[in-house]
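One structure is given below, encoded as structure tokens.
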Amino acid sequence: MRNPIVAVVAFDGISPFHLSVPCLVFGADRTKLGLPSFDFRVCAAEQGPIHTDAGLSISVPHDLSALDQADIVIIPSWKELDAPLAAPLKHALERAHKRGALIVGLCLGTFAIAAAGLLAGRKATTHWAYTDQLQTLHPDIAVDADVLYVDEGDIVTSAGVAAGLDCCLHIVRARYGAEAALRLPPRRAVAAPAGWTGSVHRATARADAKRRPVHKGT
């Protein structure tokens, strides 16, 4: 049996932090700890090295064709939130979703998935500071500003910053069991409670944040 393929979409101007989140959970070989092994692929639409917003350049080994084989496709952030999605990425996401790959939008990556038309009529979340913009741009999405992530089964979206780690750990837990998620080193730093299986409430400094019952999308 082949290892699950995880394809992460990078782009020119990406934050190294946002790119590091899926790398931390899916990119390292931890099979000696009894953890699942992933065929981890970073890809981009651009040719040649991409430049991060921190002044670093990254050599990306795969193009968007990596999405055609992936079991999990992750968009770790996004740029130009109100611009139409470039046709090659839009079509690659559509194909991946149609054949059953799990599509994941971390933080502002939700905007890319929304622009591909995959979130119409669904629940989703993103960084709390951009939830109003997401709702304005895509009024057909039920945007939830008060959760860490929303699991709709075939599409998962997360809030910003540390919520992306929670989301990735949730995916490991849901697909490979709670024991696997508990053994991951990021679990020591941040993780949602093991018993939560759907949308998880956002840990925010806002004192008036409301705590509502957990909801799992259908």
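Letters A, B, ... mark the chains of the structure tokens in the order given; residue numbers begin at 1 per chain; ligand numbers begin at 1, in order shown.
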
Self-check item: In segment 101-178 of chain A, DSSP alpha helix (DSSP H) residues written as a count of residues only
Solution: 29

Exercise. Give me the residues within 9 Å of Leu119 of chain A as a count of residues only, counting only C-alpha atoms and dropping any in the same chain fewer than 2 places off.
Key: 15

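Across segment 88-142 of chain A, DSSP run on the backbone finds strand (DSSP E or B) at Leu102, Ile103, Val104, Gly105, Lys123, Ala124 and Ala142 of chain A.
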
Output the selection as a compact mmCIF listing (two decimals), in the first residue's frame - N, CA, C and O atoms for each residue.
```
# COMPACT_ATOMS: atom_id res chain seq x y z
N LEU A 102 -9.17 15.03 -0.03
CA LEU A 102 -9.55 15.95 1.02
C LEU A 102 -8.93 17.31 0.71
O LEU A 102 -7.72 17.41 0.51
N ILE A 103 -9.73 18.36 0.68
CA ILE A 103 -9.25 19.71 0.39
C ILE A 103 -9.23 20.50 1.69
O ILE A 103 -10.23 20.55 2.41
N VAL A 104 -8.08 21.10 2.00
CA VAL A 104 -7.89 21.78 3.27
C VAL A 104 -7.44 23.22 3.03
O VAL A 104 -6.47 23.46 2.30
N GLY A 105 -8.13 24.16 3.65
CA GLY A 105 -7.73 25.56 3.60
C GLY A 105 -7.36 26.04 4.98
O GLY A 105 -8.21 26.10 5.87
N LYS A 123 -20.43 25.40 5.22
CA LYS A 123 -19.87 26.16 6.33
C LYS A 123 -18.35 26.21 6.18
O LYS A 123 -17.73 25.27 5.68
N ALA A 124 -17.76 27.32 6.65
CA ALA A 124 -16.31 27.47 6.55
C ALA A 124 -15.86 28.53 7.55
O ALA A 124 -16.67 29.30 8.09
N ALA A 142 -21.63 29.85 4.56
CA ALA A 142 -21.99 30.12 5.96
C ALA A 142 -20.70 30.25 6.76
O ALA A 142 -20.11 29.24 7.18
```

Quiz prompt | Residues near Cys107 of chain A, cut-off 7 Å, only C-alpha atoms, skip fewer than 5 positions along chain, as a PyMOL selection string | solution = chain A and resi 76-77+126-127+158-161+164

Within 10 Å of segment 53-73 of chain A: each segment 79-194 of chain A residue with its shortest pair, only C-alpha atoms, as CSV:
```
residue,atom,partner,partner_atom,distance
A:Pro88,CA,A:Leu64,CA,7.7
A:Leu89,CA,A:Leu64,CA,7.0
A:His91,CA,A:Leu64,CA,9.9
A:Ala92,CA,A:Leu67,CA,6.3
A:Leu93,CA,A:Leu67,CA,7.3
A:Glu94,CA,A:Leu67,CA,9.9
A:Arg95,CA,A:Asp68,CA,7.0
A:Ala96,CA,A:Asp68,CA,5.8
A:His97,CA,A:Val73,CA,8.9
A:Arg99,CA,A:Asp68,CA,8.8
A:Gly100,CA,A:Asp71,CA,7.6
A:Ala101,CA,A:Asp71,CA,4.7
A:Leu102,CA,A:Ile72,CA,4.7
A:Ile103,CA,A:Val73,CA,5.0
A:Val104,CA,A:Val73,CA,6.0
A:Gly105,CA,A:Val73,CA,8.6
A:Asp154,CA,A:Ile72,CA,9.7
A:Ile155,CA,A:Val73,CA,9.6
A:Ile171,CA,A:Ile72,CA,9.6
```

Quiz prompt | From A:His18, A:Cys23, A:Leu81, A:Phe11, residue lying nearest Gly48 of chain A [only C-alpha atoms] | solution = A:Phe11

Quiz item: What separation in Å, quoted to one decimal, exists between atom CA of Ala181 of chain A and atom CA of Asp151 of chain A?
Solution: 16.5 Å

Exercise. Compare A:Leu182, A:Ala45, A:Leu108, A:Leu134 by their minimum atom-to-atom distance to Thr157 of chain A, counting only C-alpha atoms, and give me the closest one.
Key: A:Leu108

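One distance worth recording is that between atom CA of Val147 of chain A and atom CA of Ala162 of chain A, which is 12.2 Å.
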
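Using only C-alpha atoms, the shortest contact distance between Leu24 of chain A and any of A:Ala129, A:Cys43, A:Leu169, A:Asp144 is found at A:Leu169.
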
Exercise. May I have the residues within 12 Å of Arg30 of chain A as a PyMOL selection string, using only C-alpha atoms and disregarding those fewer than 3 positions away in the same chain?
Key: chain A and resi 24-27+33-38+180-181+183-185

Exercise. Go through A:Phe40, A:Phe111, A:Trp78, A:Phe17 and flag the residue nearest Leu137 of chain A, using only C-alpha atoms for the distances.
Key: A:Phe111

Quiz prompt | A:Ala174, A:Cys168, A:Ala44, A:Val9 ranked by distance to Gly109 of chain A, top pick (using only C-alpha atoms) | solution =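 The answer is A:Val9, which sits nearest to Gly109 of chain A.
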
Practice problem: Rank A:Thr136, A:Gln47, A:Asn3, A:Ser20 by their smallest atom-to-atom distance to Ile74 of chain A, using only C-alpha atoms, and report the top residue only. | Solution: A:Ser20

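Put simply, atom CA of Ala7 of chain A is 23.0 Å away from atom CA of Ala120 of chain A.
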